[in-house]
Amino acid sequence: MKSSAETISKDEGTESMEPNDFSTPIVSEEEAENGYMNDGTELPDEFIVNRNENMNPLLRSPATTRTEKWTKESTTREISNGFITWHPGWCEYQYNISDYYFSNDSISFSVSIGYGYFSISVAKAGSSEQTIKADPQKWTRPGVYGNVDVTKYNVKKYNGAGIYIGSTTKYVSKASSTYVKSRNK
């Protein structure tokens with residue numbers, strides 16, 4: 001049997017969600033799309049995204065407002081301790097370079113590996129706080145390495161009145177254990 005927060009009417013074939021489901025955490029759109037909470041912790045296995053928070057209140061109506069209930073189905077490791085993308089500080093290969101220098105500051109940028117864009121943070125190119133070795137006898141370029149996990153979610157959509165209007169599947173990618181190293185041509 002469904003909880004009191006979510007009911008299914010078998011006579012009408014419609015599903016609805018009560019607006020105040022206190023047992024399921026509410027997550028912002030940004031957190032859901034990034035794959036982690038703003039404090040860096042993992043997303044819960046099930047959560048609600050209120051798509052109305054960035055909408056002009058004067059434009060809201062049951063037809064235009066929307067709430068989504070995300071349920072985690074699976075997580076797959078797409079890249080394991082491997083090359084993810086090129087470091088944004090270098091747009092081409094270099095020859096006769098023995099070291100690349102990075103500051104302790106970080107830079108964030110977006111990357112796509114087929115399931116949409118996700119954000120990565122790595123050391124920023126610049127001063128000599130960190131040094132990455134390179135082979136001066138080869139053409140090299142700094143690359144970003146690490147793990148990429150893709151999480152599959154079943155997303156049920158509800159209109160402003162809490163009536164179920166459909167579902168979809170969404171994939172959220174997330175990088176972890178990222179680092180920079182030189183890559184040869």
# chains A, B, ... in the order shown; residues from 1 in each chain; ligands from 1
>>> select_by_dssp(residues="range 91-139 of chain A", states="strand (DSSP E or B)", output="PyMOL selection string")
chain A and resi 94+99-112+117-125+130-133
>>> write_last_selection(atoms="N, CA, C and O atoms", output="mmCIF file, in the first residue's frame")
data_model
loop_
_atom_site.group_PDB
_atom_site.id
_atom_site.type_symbol
_atom_site.label_atom_id
_atom_site.label_comp_id
_atom_site.auth_asym_id
_atom_site.auth_seq_id
_atom_site.Cartn_x
_atom_site.Cartn_y
_atom_site.Cartn_z
ATOM 1 N N GLN A 94 52.170 20.469 -26.274
ATOM 2 C CA GLN A 94 53.412 21.236 -26.150
ATOM 3 C C GLN A 94 54.585 20.289 -26.362
ATOM 4 O O GLN A 94 54.515 19.122 -25.977
ATOM 5 N N ASP A 99 57.828 20.225 -17.275
ATOM 6 C CA ASP A 99 56.908 20.394 -16.148
ATOM 7 C C ASP A 99 55.752 21.308 -16.537
ATOM 8 O O ASP A 99 55.939 22.263 -17.279
ATOM 9 N N TYR A 100 54.575 20.995 -15.997
ATOM 10 C CA TYR A 100 53.432 21.895 -16.063
ATOM 11 C C TYR A 100 53.178 22.383 -14.645
ATOM 12 O O TYR A 100 53.248 21.613 -13.689
ATOM 13 N N TYR A 101 52.879 23.670 -14.506
ATOM 14 C CA TYR A 101 52.712 24.265 -13.189
ATOM 15 C C TYR A 101 51.244 24.608 -12.938
ATOM 16 O O TYR A 101 50.549 25.100 -13.822
ATOM 17 N N PHE A 102 50.839 24.359 -11.692
ATOM 18 C CA PHE A 102 49.463 24.626 -11.281
ATOM 19 C C PHE A 102 49.458 25.352 -9.949
ATOM 20 O O PHE A 102 50.331 25.132 -9.103
ATOM 21 N N SER A 103 48.466 26.198 -9.739
ATOM 22 C CA SER A 103 48.306 26.871 -8.447
ATOM 23 C C SER A 103 47.504 25.961 -7.518
ATOM 24 O O SER A 103 46.985 24.927 -7.931
ATOM 25 N N ASN A 104 47.391 26.369 -6.268
ATOM 26 C CA ASN A 104 46.549 25.624 -5.328
ATOM 27 C C ASN A 104 45.077 26.001 -5.502
ATOM 28 O O ASN A 104 44.207 25.375 -4.920
ATOM 29 N N ASP A 105 44.813 27.048 -6.288
ATOM 30 C CA ASP A 105 43.431 27.411 -6.590
ATOM 31 C C ASP A 105 42.858 26.381 -7.552
ATOM 32 O O ASP A 105 43.590 25.739 -8.295
ATOM 33 N N SER A 106 41.548 26.255 -7.528
ATOM 34 C CA SER A 106 40.929 25.300 -8.450
ATOM 35 C C SER A 106 40.077 26.029 -9.476
ATOM 36 O O SER A 106 39.693 27.181 -9.283
ATOM 37 N N ILE A 107 39.818 25.327 -10.555
ATOM 38 C CA ILE A 107 38.962 25.835 -11.619
ATOM 39 C C ILE A 107 37.888 24.780 -11.866
ATOM 40 O O ILE A 107 38.164 23.591 -11.852
ATOM 41 N N SER A 108 36.653 25.238 -12.056
ATOM 42 C CA SER A 108 35.548 24.328 -12.355
ATOM 43 C C SER A 108 35.124 24.527 -13.798
ATOM 44 O O SER A 108 35.114 25.650 -14.300
ATOM 45 N N PHE A 109 34.779 23.439 -14.464
ATOM 46 C CA PHE A 109 34.314 23.507 -15.840
ATOM 47 C C PHE A 109 33.407 22.321 -16.101
ATOM 48 O O PHE A 109 33.360 21.375 -15.332
ATOM 49 N N SER A 110 32.670 22.393 -17.203
ATOM 50 C CA SER A 110 31.711 21.341 -17.532
ATOM 51 C C SER A 110 32.270 20.410 -18.594
ATOM 52 O O SER A 110 33.006 20.829 -19.486
ATOM 53 N N VAL A 111 31.890 19.130 -18.480
ATOM 54 C CA VAL A 111 32.348 18.077 -19.376
ATOM 55 C C VAL A 111 31.156 17.191 -19.700
ATOM 56 O O VAL A 111 30.247 17.042 -18.888
ATOM 57 N N SER A 112 31.157 16.585 -20.881
ATOM 58 C CA SER A 112 30.126 15.622 -21.241
ATOM 59 C C SER A 112 30.785 14.347 -21.732
ATOM 60 O O SER A 112 31.737 14.392 -22.501
ATOM 61 N N TYR A 117 26.037 17.139 -19.490
ATOM 62 C CA TYR A 117 27.177 17.820 -18.886
ATOM 63 C C TYR A 117 27.200 17.652 -17.377
ATOM 64 O O TYR A 117 26.163 17.551 -16.739
ATOM 65 N N PHE A 118 28.415 17.620 -16.822
ATOM 66 C CA PHE A 118 28.607 17.616 -15.385
ATOM 67 C C PHE A 118 29.848 18.428 -15.078
ATOM 68 O O PHE A 118 30.664 18.703 -15.946
ATOM 69 N N SER A 119 29.991 18.849 -13.834
ATOM 70 C CA SER A 119 31.062 19.755 -13.446
ATOM 71 C C SER A 119 32.246 19.006 -12.847
ATOM 72 O O SER A 119 32.067 18.022 -12.143
ATOM 73 N N ILE A 120 33.451 19.500 -13.149
ATOM 74 C CA ILE A 120 34.695 18.964 -12.591
ATOM 75 C C ILE A 120 35.491 20.135 -12.036
ATOM 76 O O ILE A 120 35.524 21.203 -12.638
ATOM 77 N N SER A 121 36.151 19.933 -10.905
ATOM 78 C CA SER A 121 37.066 20.927 -10.349
ATOM 79 C C SER A 121 38.456 20.324 -10.279
ATOM 80 O O SER A 121 38.631 19.218 -9.783
ATOM 81 N N VAL A 122 39.451 21.057 -10.797
ATOM 82 C CA VAL A 122 40.850 20.631 -10.761
ATOM 83 C C VAL A 122 41.726 21.843 -10.489
ATOM 84 O O VAL A 122 41.265 22.981 -10.525
ATOM 85 N N ALA A 123 43.012 21.593 -10.237
ATOM 86 C CA ALA A 123 43.962 22.669 -9.996
ATOM 87 C C ALA A 123 44.042 23.585 -11.212
ATOM 88 O O ALA A 123 44.021 23.136 -12.350
ATOM 89 N N LYS A 124 44.122 24.890 -10.945
ATOM 90 C CA LYS A 124 44.163 25.905 -11.991
ATOM 91 C C LYS A 124 45.578 26.054 -12.537
ATOM 92 O O LYS A 124 46.547 26.008 -11.789
ATOM 93 N N ALA A 125 45.708 26.221 -13.845
ATOM 94 C CA ALA A 125 47.018 26.452 -14.463
ATOM 95 C C ALA A 125 47.568 27.787 -13.956
ATOM 96 O O ALA A 125 46.821 28.735 -13.767
ATOM 97 N N GLN A 130 52.075 23.521 -7.587
ATOM 98 C CA GLN A 130 52.113 22.091 -7.879
ATOM 99 C C GLN A 130 52.794 21.905 -9.230
ATOM 100 O O GLN A 130 52.635 22.720 -10.126
ATOM 101 N N THR A 131 53.529 20.819 -9.354
ATOM 102 C CA THR A 131 54.223 20.541 -10.607
ATOM 103 C C THR A 131 53.810 19.169 -11.117
ATOM 104 O O THR A 131 53.786 18.206 -10.374
ATOM 105 N N ILE A 132 53.489 19.095 -12.415
ATOM 106 C CA ILE A 132 53.171 17.840 -13.077
ATOM 107 C C ILE A 132 54.299 17.581 -14.075
ATOM 108 O O ILE A 132 54.572 18.414 -14.944
ATOM 109 N N LYS A 133 54.949 16.456 -13.951
ATOM 110 C CA LYS A 133 56.071 16.105 -14.840
ATOM 111 C C LYS A 133 55.566 15.751 -16.232
ATOM 112 O O LYS A 133 54.483 15.188 -16.385
#
>>> residues_around(residues="Thr67 in chain A", least_positions_apart="4", cutoff="9 Å", atoms="only C-alpha atoms", output="list in words")
Pro19, Ile48, Val49, Asn50, Arg51, Asn52, Lys156, Lys157, Tyr158, Asn159, Gly160 and Gly162 of chain A
>>> write_last_selection(atoms="C-alpha atoms", output="short mmCIF file (atom, residue, chain, number, x, y, z; two decimals), in the first residue's frame")
data_model
loop_
_atom_site.label_atom_id
_atom_site.label_comp_id
_atom_site.auth_asym_id
_atom_site.auth_seq_id
_atom_site.Cartn_x
_atom_site.Cartn_y
_atom_site.Cartn_z
CA PRO A 19 2.00 18.66 -1.62
CA ILE A 48 11.58 15.63 -4.60
CA VAL A 49 12.55 18.49 -6.92
CA ASN A 50 10.24 21.49 -6.88
CA ARG A 51 10.61 23.00 -10.36
CA ASN A 52 8.56 26.04 -9.28
CA LYS A 156 7.80 10.94 -11.96
CA LYS A 157 6.31 14.32 -12.88
CA TYR A 158 3.34 15.93 -11.13
CA ASN A 159 1.52 19.12 -12.06
CA GLY A 160 0.77 21.95 -9.61
CA GLY A 162 -0.23 17.05 -7.49
#
>>> closest_residue(among="A:Val144, A:Ile79, A:Val27, A:Ile84", to="Asp39 in chain A", atoms="only C-alpha atoms")
A:Val27
>>> closest_residue(among="A:Tyr171, A:Tyr179, A:Tyr93, A:Trp139", to="Thr76 in chain A", atoms="only C-alpha atoms")
A:Tyr171
>>> atom_distance(atom1="CA of Phe47 in chain A", atom2="CA of Ala175 in chain A")
21.0 Å
>>> atom_distance(atom1="CA of Glu92 in chain A", atom2="CA of Asn34 in chain A")
28.3 Å
>>> residues_around(residues="Lys72 in chain A", least_positions_apart="2", cutoff="8 Å", atoms="only C-alpha atoms", output="PyMOL selection string")
chain A and resi 45-46+70+74+151-154
>>> atom_distance(atom1="CA of Lys69 in chain A", atom2="CA of Gly166 in chain A")
10.9 Å
>>> select_by_dssp(residues="chain A", states="helix (DSSP H, G or I)", output="ChimeraX atom specification")
/A:29-34,57-59
>>> write_last_selection(atoms="N, CA, C and O atoms", output="PDB file, in the first residue's frame")
ATOM      1  N   GLU A  29      16.942  22.046  -7.932  1.00  0.00           N
ATOM      2  CA  GLU A  29      17.209  21.618  -9.317  1.00  0.00           C
ATOM      3  C   GLU A  29      18.707  21.486  -9.552  1.00  0.00           C
ATOM      4  O   GLU A  29      19.166  20.529 -10.183  1.00  0.00           O
ATOM      5  N   GLU A  30      19.469  22.453  -9.055  1.00  0.00           N
ATOM      6  CA  GLU A  30      20.924  22.452  -9.244  1.00  0.00           C
ATOM      7  C   GLU A  30      21.562  21.211  -8.614  1.00  0.00           C
ATOM      8  O   GLU A  30      22.407  20.562  -9.229  1.00  0.00           O
ATOM      9  N   GLU A  31      21.146  20.878  -7.391  1.00  0.00           N
ATOM     10  CA  GLU A  31      21.701  19.699  -6.721  1.00  0.00           C
ATOM     11  C   GLU A  31      21.369  18.422  -7.500  1.00  0.00           C
ATOM     12  O   GLU A  31      22.226  17.563  -7.691  1.00  0.00           O
ATOM     13  N   ALA A  32      20.131  18.306  -7.967  1.00  0.00           N
ATOM     14  CA  ALA A  32      19.723  17.110  -8.718  1.00  0.00           C
ATOM     15  C   ALA A  32      20.534  16.973  -9.999  1.00  0.00           C
ATOM     16  O   ALA A  32      21.022  15.889 -10.317  1.00  0.00           O
ATOM     17  N   GLU A  33      20.714  18.060 -10.729  1.00  0.00           N
ATOM     18  CA  GLU A  33      21.440  18.010 -11.995  1.00  0.00           C
ATOM     19  C   GLU A  33      22.940  17.777 -11.780  1.00  0.00           C
ATOM     20  O   GLU A  33      23.593  17.172 -12.620  1.00  0.00           O
ATOM     21  N   ASN A  34      23.502  18.273 -10.655  1.00  0.00           N
ATOM     22  CA  ASN A  34      24.929  18.091 -10.372  1.00  0.00           C
ATOM     23  C   ASN A  34      25.250  16.711  -9.812  1.00  0.00           C
ATOM     24  O   ASN A  34      26.393  16.277  -9.850  1.00  0.00           O
ATOM     25  N   PRO A  57       6.128  34.041  -9.545  1.00  0.00           N
ATOM     26  CA  PRO A  57       4.873  33.634  -8.887  1.00  0.00           C
ATOM     27  C   PRO A  57       3.615  34.039  -9.660  1.00  0.00           C
ATOM     28  O   PRO A  57       2.594  33.378  -9.574  1.00  0.00           O
ATOM     29  N   LEU A  58       3.684  35.124 -10.423  1.00  0.00           N
ATOM     30  CA  LEU A  58       2.513  35.564 -11.175  1.00  0.00           C
ATOM     31  C   LEU A  58       2.190  34.642 -12.345  1.00  0.00           C
ATOM     32  O   LEU A  58       1.069  34.625 -12.847  1.00  0.00           O
ATOM     33  N   LEU A  59       3.185  33.861 -12.794  1.00  0.00           N
ATOM     34  CA  LEU A  59       2.982  32.954 -13.924  1.00  0.00           C
ATOM     35  C   LEU A  59       2.608  31.537 -13.497  1.00  0.00           C
ATOM     36  O   LEU A  59       2.326  30.702 -14.340  1.00  0.00           O
TER      37      LEU A  59
END
>>> closest_residue(among="A:Asn147, A:Thr169, A:Ser176, A:Asn38", to="Phe83 in chain A", atoms="only C-alpha atoms")
A:Asn147
>>> closest_residue(among="A:Tyr164, A:Tyr115, A:Trp86, A:Tyr95", to="Asp149 in chain A", atoms="only C-alpha atoms")
A:Tyr115
>>> closest_residue(among="A:Thr85, A:Ser127, A:Thr140, A:Thr24", to="Glu68 in chain A", atoms="only C-alpha atoms")
A:Thr24
